[in-house]
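Below is my_file02.cif, which holds mmCIF, C-alpha atoms.
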data_data
loop_
_atom_site.label_atom_id
_atom_site.label_comp_id
_atom_site.auth_asym_id
_atom_site.auth_seq_id
_atom_site.Cartn_x
_atom_site.Cartn_y
_atom_site.Cartn_z
CA MET A 1 46.49 -12.21 77.85
CA PHE A 2 44.11 -14.90 79.09
CA LYS A 3 45.89 -18.00 77.87
CA MET A 4 46.17 -19.90 81.15
CA ILE A 5 43.60 -22.52 81.98
CA SER A 6 43.87 -25.01 84.80
CA SER A 7 44.69 -28.65 84.39
CA PRO A 8 43.79 -31.30 83.47
CA HIS A 9 43.94 -30.40 79.76
CA THR A 10 44.32 -34.01 78.67
CA HIS A 11 43.80 -35.98 81.81
CA SER A 12 44.47 -39.49 82.98
CA SER A 13 41.25 -41.04 84.24
CA ASN A 14 43.15 -43.05 86.82
CA LEU A 15 44.92 -40.03 88.34
CA THR A 16 41.80 -37.87 88.24
CA ALA A 17 39.68 -40.64 89.71
CA ASN A 18 42.18 -41.03 92.55
CA PHE A 19 41.86 -37.31 93.31
CA MET A 20 38.05 -37.47 93.21
CA LEU A 21 37.91 -40.58 95.39
CA TRP A 22 40.03 -38.92 98.08
CA VAL A 23 37.69 -35.92 98.07
CA ILE A 24 34.64 -38.18 98.31
CA ALA A 25 36.25 -40.13 101.16
CA ALA A 26 37.01 -36.89 103.03
CA MET A 27 33.35 -35.89 102.68
CA LEU A 28 32.05 -39.13 104.22
CA PRO A 29 32.32 -37.99 107.88
CA ALA A 30 30.28 -34.87 107.04
CA LEU A 31 27.78 -37.01 105.14
CA LEU A 32 27.31 -39.23 108.20
CA VAL A 33 26.90 -36.20 110.47
CA GLN A 34 24.37 -34.65 108.09
CA TRP A 35 22.46 -37.94 107.96
CA TYR A 36 22.49 -38.20 111.76
CA PHE A 37 21.16 -34.68 112.33
CA PHE A 38 18.86 -34.29 109.31
CA GLY A 39 17.65 -37.80 108.57
CA TYR A 40 17.14 -40.13 105.64
CA GLY A 41 16.40 -37.32 103.21
CA VAL A 42 20.15 -36.76 102.89
CA LEU A 43 20.73 -40.29 101.57
CA ILE A 44 17.71 -40.20 99.25
CA GLN A 45 18.83 -36.91 97.68
CA ILE A 46 22.33 -38.31 97.15
CA ALA A 47 20.91 -41.43 95.48
CA VAL A 48 18.75 -39.31 93.15
CA ALA A 49 21.62 -36.95 92.32
CA VAL A 50 24.25 -39.64 91.72
CA GLY A 51 21.82 -41.73 89.67
CA LEU A 52 21.05 -38.85 87.31
CA ALA A 53 24.72 -37.84 87.15
CA ILE A 54 25.70 -41.33 85.98
CA GLY A 55 22.90 -41.27 83.39
CA ILE A 56 24.01 -37.88 82.05
CA GLU A 57 27.67 -38.92 81.86
CA ILE A 58 26.75 -42.06 79.92
CA GLY A 59 24.42 -40.11 77.63
CA VAL A 60 27.05 -37.46 76.85
CA ALA A 61 29.64 -40.14 76.15
CA LYS A 62 27.32 -41.76 73.63
CA LEU A 63 26.48 -38.42 71.96
CA ARG A 64 30.19 -37.71 71.57
CA ARG A 65 30.84 -41.28 70.45
CA LYS A 66 33.19 -41.96 73.33
CA PRO A 67 33.45 -45.24 75.28
CA THR A 68 30.72 -45.46 77.93
CA ALA A 69 33.26 -45.30 80.74
CA PHE A 70 35.02 -42.26 79.25
CA TYR A 71 33.20 -39.74 81.47
CA LEU A 72 32.49 -42.14 84.33
CA ALA A 73 36.04 -43.28 85.04
CA ASP A 74 37.24 -39.91 86.37
CA MET A 75 34.43 -39.77 89.02
CA SER A 76 34.02 -36.01 88.54
CA GLY A 77 30.30 -36.25 87.77
CA ILE A 78 29.66 -38.30 90.90
CA LEU A 79 31.59 -35.81 93.04
CA THR A 80 29.63 -32.91 91.57
CA ALA A 81 26.38 -34.74 92.34
CA LEU A 82 27.49 -35.45 95.91
CA ILE A 83 28.45 -31.81 96.56
CA LEU A 84 25.16 -30.49 95.17
CA ALA A 85 23.04 -33.09 96.98
CA MET A 86 24.66 -32.19 100.31
CA SER A 87 24.13 -28.48 99.63
CA ILE A 88 20.36 -28.52 99.14
CA PRO A 89 17.70 -29.12 101.81
CA PRO A 90 17.39 -32.89 102.43
CA TYR A 91 13.61 -32.88 102.01
CA SER A 92 13.35 -30.66 98.96
CA PRO A 93 11.33 -32.13 96.06
CA TYR A 94 13.10 -34.63 93.83
CA TRP A 95 12.66 -32.49 90.73
CA LEU A 96 14.75 -29.76 92.35
CA THR A 97 17.70 -32.16 92.55
CA LEU A 98 17.19 -33.29 88.97
CA ILE A 99 17.20 -29.71 87.65
CA GLY A 100 20.29 -28.84 89.67
CA ILE A 101 22.28 -31.85 88.48
CA ALA A 102 21.26 -31.31 84.85
CA ALA A 103 22.35 -27.67 85.02
CA ALA A 104 25.61 -28.52 86.79
CA LEU A 105 26.73 -31.23 84.38
CA LEU A 106 25.23 -30.13 81.07
CA LEU A 107 25.38 -26.32 81.27
CA ALA A 108 28.41 -25.82 83.51
CA LYS A 109 30.62 -28.74 82.48
CA HIS A 110 29.91 -30.49 79.17
CA VAL A 111 28.91 -27.38 77.22
CA TYR A 112 32.48 -26.17 77.77
CA GLY A 113 33.97 -29.45 76.62
CA GLY A 114 34.00 -31.53 79.79
CA LEU A 115 36.35 -31.82 82.73
CA GLY A 116 39.24 -29.36 82.67
CA GLN A 117 37.50 -26.86 80.36
CA ASN A 118 34.71 -25.47 82.55
CA LEU A 119 35.09 -21.87 83.71
CA PHE A 120 32.82 -22.14 86.75
CA ASN A 121 32.35 -24.63 89.57
CA PRO A 122 29.62 -26.94 88.16
CA ALA A 123 27.99 -27.80 91.49
CA MET A 124 27.73 -24.11 92.44
CA ILE A 125 26.20 -23.23 89.06
CA GLY A 126 23.49 -25.81 89.76
CA TYR A 127 23.03 -24.57 93.32
CA ALA A 128 22.88 -20.88 92.35
CA LEU A 129 20.34 -21.63 89.62
CA LEU A 130 18.13 -23.44 92.11
CA LEU A 131 18.46 -20.76 94.78
CA VAL A 132 17.50 -17.95 92.41
CA SER A 133 14.72 -19.89 90.68
CA PHE A 134 13.18 -21.76 93.63
CA PRO A 135 13.94 -19.77 96.82
CA LEU A 136 11.05 -21.24 98.79
CA GLN A 137 12.10 -24.85 98.26
CA MET A 138 15.81 -24.04 98.69
CA THR A 139 15.30 -22.54 102.15
CA ALA A 140 13.09 -25.33 103.50
CA TRP A 141 15.66 -26.85 105.87
CA LEU A 142 14.35 -28.88 108.79
CA PRO A 143 15.94 -28.13 112.18
CA PRO A 144 18.12 -30.96 113.56
CA LEU A 145 16.00 -34.03 114.24
CA ASP A 146 16.51 -33.87 118.00
CA LEU A 147 14.37 -30.71 118.02
CA LEU A 148 11.45 -32.47 116.35
CA SER A 149 8.84 -34.29 118.41
CA GLU A 150 8.39 -36.88 115.64
CA PRO A 151 11.42 -37.12 113.32
CA PRO A 152 10.52 -38.34 109.81
CA THR A 153 11.03 -42.04 109.20
CA PHE A 154 12.48 -43.41 105.96
CA ALA A 155 8.95 -43.77 104.57
CA ASP A 156 8.14 -40.18 105.61
CA SER A 157 11.37 -38.93 104.03
CA PHE A 158 10.71 -40.76 100.77
CA SER A 159 7.14 -39.47 100.69
CA LEU A 160 8.20 -35.87 101.46
CA ILE A 161 10.70 -35.84 98.60
CA PHE A 162 8.51 -37.51 95.97
CA THR A 163 4.99 -36.36 96.96
CA GLY A 164 5.54 -33.24 99.10
CA VAL A 165 3.96 -34.61 102.29
CA THR A 166 4.77 -37.25 104.89
CA THR A 167 2.80 -40.46 105.21
CA ASP A 168 0.66 -38.61 107.78
CA GLY A 169 0.00 -35.71 105.39
CA PHE A 170 2.36 -33.07 106.86
CA SER A 171 4.31 -30.76 104.54
CA ILE A 172 7.89 -29.66 105.15
CA HIS A 173 6.75 -26.18 106.20
CA GLN A 174 4.36 -27.64 108.77
CA LEU A 175 7.21 -29.67 110.24
CA ILE A 176 9.45 -26.58 110.41
CA SER A 177 6.76 -24.43 112.06
CA SER A 178 6.11 -27.11 114.67
CA VAL A 179 9.44 -26.39 116.40
CA ASP A 180 8.98 -23.86 119.20
CA GLY A 181 11.35 -20.90 119.27
CA ILE A 182 12.79 -21.37 115.78
CA THR A 183 11.06 -19.45 113.03
CA SER A 184 13.64 -19.87 110.27
CA ALA A 185 15.11 -22.87 108.52
CA THR A 186 18.78 -22.19 109.27
CA VAL A 187 20.96 -20.16 111.59
CA LEU A 188 21.77 -17.66 108.88
CA ASP A 189 18.13 -17.30 107.86
CA GLY A 190 17.37 -16.35 111.45
CA ALA A 191 20.19 -13.81 111.47
CA LYS A 192 18.96 -12.13 108.31
CA THR A 193 15.33 -12.04 109.45
CA THR A 194 15.86 -10.59 112.90
CA LEU A 195 18.62 -8.13 112.02
CA ALA A 196 16.68 -6.85 109.01
CA LYS A 197 13.89 -5.93 111.43
CA ASN A 198 16.37 -4.33 113.87
CA ASP A 199 14.94 -6.72 116.47
CA PHE A 200 18.14 -7.04 118.50
CA ALA A 201 16.41 -8.56 121.55
CA GLU A 202 15.01 -11.36 119.38
CA ALA A 203 18.38 -11.73 117.66
CA HIS A 204 20.14 -12.29 121.00
CA ARG A 205 17.44 -14.71 122.17
CA LEU A 206 17.60 -16.70 118.95
CA ALA A 207 21.40 -16.63 118.97
CA ASP A 208 21.48 -18.10 122.49
CA LEU A 209 19.05 -20.83 121.43
CA LEU A 210 21.01 -21.63 118.33
CA TYR A 211 24.34 -21.66 120.16
CA GLN A 212 22.93 -24.51 122.25
CA HIS A 213 21.19 -26.49 119.53
CA VAL A 214 23.07 -25.63 116.38
CA LEU A 215 26.62 -24.39 117.00
CA LEU A 216 27.15 -27.12 119.63
CA GLY A 217 25.21 -29.65 117.56
CA GLY A 218 23.72 -29.82 114.06
CA TRP A 219 25.39 -27.21 111.88
CA GLY A 220 28.38 -26.82 114.16
CA GLN A 221 29.29 -30.50 114.07
CA LEU A 222 28.64 -30.65 110.33
CA ASN A 223 31.10 -27.81 109.74
CA LEU A 224 33.59 -29.46 112.09
CA ALA A 225 33.34 -32.68 110.04
CA PHE A 226 34.05 -30.73 106.85
CA LEU A 227 37.00 -29.05 108.57
CA LEU A 228 38.51 -32.40 109.58
CA GLY A 229 37.95 -33.79 106.09
CA GLY A 230 39.61 -30.72 104.60
CA ILE A 231 42.63 -31.09 106.86
CA LEU A 232 42.97 -34.69 105.65
CA LEU A 233 42.96 -33.50 102.03
CA ILE A 234 45.67 -30.95 102.77
CA TYR A 235 47.73 -33.58 104.60
CA LYS A 236 47.43 -35.95 101.63
CA ARG A 237 48.26 -33.04 99.27
CA ILE A 238 45.03 -33.52 97.38
CA ILE A 239 44.31 -29.80 97.82
CA HIS A 240 46.61 -26.89 98.70
CA TRP A 241 46.35 -24.95 101.94
CA GLN A 242 46.38 -21.46 100.42
CA ILE A 243 42.71 -21.19 99.35
CA PRO A 244 41.10 -22.45 102.60
CA ALA A 245 43.55 -20.50 104.77
CA ALA A 246 43.08 -17.24 102.86
CA MET A 247 39.30 -17.61 102.66
CA LEU A 248 38.79 -18.40 106.35
CA SER A 249 41.32 -15.90 107.68
CA THR A 250 39.84 -13.09 105.58
CA PHE A 251 36.35 -13.87 106.81
CA VAL A 252 37.49 -14.22 110.44
CA ILE A 253 39.28 -10.85 110.40
CA LEU A 254 36.38 -8.98 108.82
CA SER A 255 33.71 -10.72 110.90
CA GLY A 256 35.75 -10.23 114.08
CA MET A 257 36.11 -6.50 113.37
CA THR A 258 32.36 -6.32 112.84
CA ASP A 259 31.81 -7.96 116.24
CA ILE A 260 34.06 -5.37 117.91
CA PHE A 261 32.42 -2.32 116.37
CA THR A 262 28.77 -3.43 116.24
CA HIS A 263 28.41 -5.90 119.14
CA SER A 264 26.29 -8.11 116.92
CA ALA A 265 24.53 -11.13 118.41
CA TRP A 266 25.69 -13.12 115.38
CA THR A 267 29.30 -13.41 116.41
CA MET A 268 32.21 -14.63 114.33
CA PRO A 269 32.25 -18.21 115.75
CA LEU A 270 28.54 -18.61 114.98
CA GLN A 271 29.11 -17.31 111.44
CA LEU A 272 32.22 -19.45 110.97
CA PHE A 273 30.53 -22.72 111.91
CA SER A 274 27.17 -22.03 110.28
CA GLY A 275 25.99 -22.60 106.76
CA ALA A 276 28.49 -23.82 104.17
CA MET A 277 31.61 -22.05 105.41
CA MET A 278 33.86 -25.09 105.96
CA PHE A 279 32.26 -26.98 103.09
CA GLY A 280 33.01 -24.06 100.80
CA ALA A 281 36.55 -23.48 102.06
CA PHE A 282 37.82 -27.05 101.65
CA PHE A 283 35.58 -28.75 99.09
CA ILE A 284 34.08 -26.08 96.82
CA ALA A 285 36.51 -23.17 96.48
CA THR A 286 39.40 -25.63 96.01
CA ASP A 287 37.99 -27.07 92.77
CA PRO A 288 41.19 -27.64 90.72
CA VAL A 289 39.61 -26.61 87.42
CA SER A 290 37.79 -23.36 88.22
CA ALA A 291 40.08 -22.01 90.99
CA SER A 292 43.38 -20.20 90.58
CA ILE A 293 46.40 -22.40 89.82
CA THR A 294 49.36 -20.23 90.88
CA PRO A 295 50.63 -20.15 94.51
CA LYS A 296 50.05 -16.41 94.95
CA GLY A 297 46.88 -16.64 92.92
CA LYS A 298 45.43 -19.21 95.31
CA LEU A 299 45.94 -16.79 98.21
CA ILE A 300 44.29 -13.95 96.29
CA PHE A 301 41.46 -16.19 95.10
CA GLY A 302 40.79 -17.52 98.61
CA ALA A 303 40.88 -14.04 100.13
CA LEU A 304 38.48 -12.80 97.45
CA VAL A 305 36.02 -15.62 98.23
CA GLY A 306 36.24 -14.83 101.96
CA LEU A 307 35.63 -11.13 101.31
CA LEU A 308 32.64 -11.84 99.08
CA VAL A 309 31.11 -14.26 101.60
CA TYR A 310 31.45 -11.59 104.28
CA LEU A 311 29.85 -8.89 102.10
CA ILE A 312 26.96 -11.12 101.01
CA ARG A 313 26.26 -12.40 104.52
CA TYR A 314 26.38 -9.03 106.25
CA PHE A 315 25.12 -6.68 103.55
CA GLY A 316 23.44 -8.81 100.88
CA ASN A 317 20.03 -10.45 100.59
CA TYR A 318 21.21 -14.06 100.82
CA PRO A 319 21.92 -15.61 104.24
CA ASP A 320 24.96 -17.68 103.24
CA GLY A 321 26.68 -16.49 100.07
CA VAL A 322 29.34 -19.18 99.57
CA ALA A 323 28.02 -20.29 96.16
CA PHE A 324 27.80 -16.76 94.75
CA ALA A 325 31.18 -15.82 96.23
CA VAL A 326 32.89 -18.78 94.56
CA LEU A 327 31.23 -18.11 91.19
CA LEU A 328 32.13 -14.41 91.26
CA ALA A 329 35.71 -15.30 92.17
CA ASN A 330 35.79 -17.83 89.30
CA ILE A 331 35.25 -14.93 86.90
CA CYS A 332 38.46 -13.32 88.16
CA VAL A 333 40.64 -16.44 87.86
CA PRO A 334 42.13 -15.71 84.39
CA LEU A 335 43.13 -12.22 85.52
CA ILE A 336 44.53 -13.46 88.83
CA ASP A 337 46.56 -16.22 87.17
CA HIS A 338 47.91 -13.86 84.52
CA TYR A 339 49.36 -11.42 87.04
CA THR A 340 50.60 -14.01 89.54
CA GLN A 341 52.59 -16.29 87.25
CA PRO A 342 55.75 -17.37 89.10
CA ARG A 343 59.04 -16.11 87.69
CA LEU A 344 60.84 -18.77 85.69
CA TYR A 345 64.33 -19.73 86.78
CA GLY A 346 66.93 -17.80 84.80
CA THR A 347 64.68 -14.89 83.91
CA LYS A 348 64.45 -11.38 85.30
CA LEU A 349 61.33 -10.22 87.06
CA GLY A 350 59.24 -8.29 84.53
CA GLY A 351 61.49 -9.13 81.62
CA LYS A 352 63.17 -11.83 79.56
CA GLY A 353 66.42 -13.65 80.05
#

For the structure just supplied, provide its representation as structure tokens.
Amino acid sequence: MFKMISSPHTHSSNLTANFMLWVIAAMLPALLVQWYFFGYGVLIQIAVAVGLAIGIEIGVAKLRRKPTAFYLADMSGILTALILAMSIPPYSPYWLTLIGIAAALLLAKHVYGGLGQNLFNPAMIGYALLLVSFPLQMTAWLPPLDLLSEPPTFADSFSLIFTGVTTDGFSIHQLISSVDGITSATVLDGAKTTLAKNDFAEAHRLADLLYQHVLLGGWGQLNLAFLLGGILLIYKRIIHWQIPAAMLSTFVILSGMTDIFTHSAWTMPLQLFSGAMMFGAFFIATDPVSASITPKGKLIFGALVGLLVYLIRYFGNYPDGVAFAVLLANICVPLIDHYTQPRLYGTKLGGKG
């Protein structure tokens, strides 16, 4: 029954590397936006993640007695490192990044046999492990730098990541608490906190503040950059349109209906351009190995991810939910692909010949 697995089974490093390079290039605008709004920590985390990823790929190649470039040439390890590094708080401790990358590449990729054999999205396995194991560190996002009276310099960023405090002795939580009017690290954290307390007046006040500083800046522009990068990938036919379209449309419909019937302060546009929505739709859910591979299956898979993100955000304990939604949908991929196989030319639907 479950015989279908997604390509590449035996892959060409050149073709795979070309795919990975296009994805990395499409992520560069979002990387620059994230660096602009959140500082040097973004670049330091990427350097740490990519450095370890290269080391792991070389080490695994040696253990399996493959040429050193065997696992490096396809660029998949570097892309996984980049996705994970951009998903975690920029000023989280360095060891958090190291654990996440090790889990993503060793447990979620190479244990299954390497690229093309993994059942789950490697970067999201690493992210989910970190979020469940280290929730305090994984929610320590600084507000956009323009809200800080003294944005961290490169030296401060380096010190925060490797020692836990800035050169002046301030911790990440002290920097977060220094911003007036914002008591949570992200938009979605604020939504969960205020709505859980049924404090609707505070929710509306915080939503208005975040519309000005986050939706129109920071997180909003970051999601817009991911959206533009995703459109480029669709135009270049690096990814297919079905998964992003199904995921986003499902979430928009459900979130819009919630707005109509509940009059929530956390409206659909704020939800759509907050957190990892666009990142997940175009760069995470579209992973060619762990996502569905049939045309109808892609639509079902994308819709399932959108539904799960909606349920987790509105009814679950986690403020975002993209990582868990993708991983849960990955479990369903063999079943989805089995029942959505396209009919072969010359055969009858539901039969042979």

Run through the PyMOL selection byres ((chain A and resi 108-111) around 8) on the given coordinates and return the selected residues as a VMD selection string.
-> chain A and resid 60 103 to 107 112 to 115 117 to 122 125 to 126

Explicit residues for the PyMOL selection byres ((chain A and resi 303-314) around 9) (as a ChimeraX atom specification) = /A:188,192,243-252,254-255,271,277,281,285,298-302,315-329

Write the residues of the preceding selection, restricted to C-alpha atoms, as a tab-separated table (two decimals), keeping the file's coordinate frame.
chain	number	residue	atom	x	y	z
A	188	LEU	CA	21.77	-17.66	108.88
A	192	LYS	CA	18.96	-12.13	108.31
A	243	ILE	CA	42.71	-21.19	99.35
A	244	PRO	CA	41.10	-22.45	102.60
A	245	ALA	CA	43.55	-20.50	104.77
A	246	ALA	CA	43.08	-17.24	102.86
A	247	MET	CA	39.30	-17.61	102.66
A	248	LEU	CA	38.79	-18.40	106.35
A	249	SER	CA	41.32	-15.90	107.68
A	250	THR	CA	39.84	-13.09	105.58
A	251	PHE	CA	36.35	-13.87	106.81
A	252	VAL	CA	37.49	-14.22	110.44
A	254	LEU	CA	36.38	-8.98	108.82
A	255	SER	CA	33.71	-10.72	110.90
A	271	GLN	CA	29.11	-17.31	111.44
A	277	MET	CA	31.61	-22.05	105.41
A	281	ALA	CA	36.55	-23.48	102.06
A	285	ALA	CA	36.51	-23.17	96.48
A	298	LYS	CA	45.43	-19.21	95.31
A	299	LEU	CA	45.94	-16.79	98.21
A	300	ILE	CA	44.29	-13.95	96.29
A	301	PHE	CA	41.46	-16.19	95.10
A	302	GLY	CA	40.79	-17.52	98.61
A	315	PHE	CA	25.12	-6.68	103.55
A	316	GLY	CA	23.44	-8.81	100.88
A	317	ASN	CA	20.03	-10.45	100.59
A	318	TYR	CA	21.21	-14.06	100.82
A	319	PRO	CA	21.92	-15.61	104.24
A	320	ASP	CA	24.96	-17.68	103.24
A	321	GLY	CA	26.68	-16.49	100.07
A	322	VAL	CA	29.34	-19.18	99.57
A	323	ALA	CA	28.02	-20.29	96.16
A	324	PHE	CA	27.80	-16.76	94.75
A	325	ALA	CA	31.18	-15.82	96.23
A	326	VAL	CA	32.89	-18.78	94.56
A	327	LEU	CA	31.23	-18.11	91.19
A	328	LEU	CA	32.13	-14.41	91.26
A	329	ALA	CA	35.71	-15.30	92.17

Which distance in Å separates atom CA of A:Ser92 and atom CA of A:Trp35, to one decimal?
->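 So the two atoms, atom CA of A:Ser92 and atom CA of A:Trp35, lie 14.7 Å apart.
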
Surrounding residues of A:Pro29 excluding itself and chain neighbours under 5 positions, 10 Å, only C-alpha atoms, as a PyMOL selection string | chain A and resi 24+34-35+222+224-226+228-229

Counting only C-alpha atoms, which of A:Ile239, A:Leu147, A:Leu84, A:Val333 gets nearest to A:Ile176?
-> A:Leu147

Take the PyMOL selection byres ((chain A and resi 21) around 12), apply it to the structure above, and return the hits as a ChimeraX atom specification.
-> /A:13-20,22-28,73-80,82,233,238

Please identify all polymer residues within 8 Å of A:Ala85, counting all atoms listed in the file, omitting same-chain residues fewer than 2 positions from it, and present them as a short mmCIF file (atom, residue, chain, number, x, y, z; two decimals) with C-alpha atoms, in the coordinates of the input.
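Everything below was put into result.cif:
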data_model
loop_
_atom_site.label_atom_id
_atom_site.label_comp_id
_atom_site.auth_asym_id
_atom_site.auth_seq_id
_atom_site.Cartn_x
_atom_site.Cartn_y
_atom_site.Cartn_z
CA VAL A 42 20.15 -36.76 102.89
CA GLN A 45 18.83 -36.91 97.68
CA ILE A 46 22.33 -38.31 97.15
CA ALA A 49 21.62 -36.95 92.32
CA ALA A 81 26.38 -34.74 92.34
CA LEU A 82 27.49 -35.45 95.91
CA ILE A 83 28.45 -31.81 96.56
CA SER A 87 24.13 -28.48 99.63
CA ILE A 88 20.36 -28.52 99.14
CA PRO A 90 17.39 -32.89 102.43
CA THR A 97 17.70 -32.16 92.55
#

Provide the atom CA of A:Thr167 to atom CA of A:Gly218 distance in Å, to one decimal place.
->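 Taking atom CA of A:Thr167 and atom CA of A:Gly218, their separation equals 25.1 Å.
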
Minimum-distance residue to A:His240, chosen among A:His173, A:Lys66, A:Lys296, A:His338 (using only C-alpha atoms) =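 Smallest separation from A:His240 among the options: A:Lys296.
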
Hey, which of A:Gly275, A:Ala47, A:Trp219, A:Thr286 ends up closest to A:Ile234? Count only C-alpha atoms.
->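 Closest to A:Ile234, using only C-alpha atoms: A:Thr286.
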
Pairwise distance for atom CA of A:Phe70 and atom CA of A:Ala123, rounded to one decimal in Å | 20.2 Å

Selected residue of minimal separation from A:Gly220 among A:Pro342, A:Pro269, A:Gly39, A:Gly169, counting all atoms listed in the file = A:Pro269
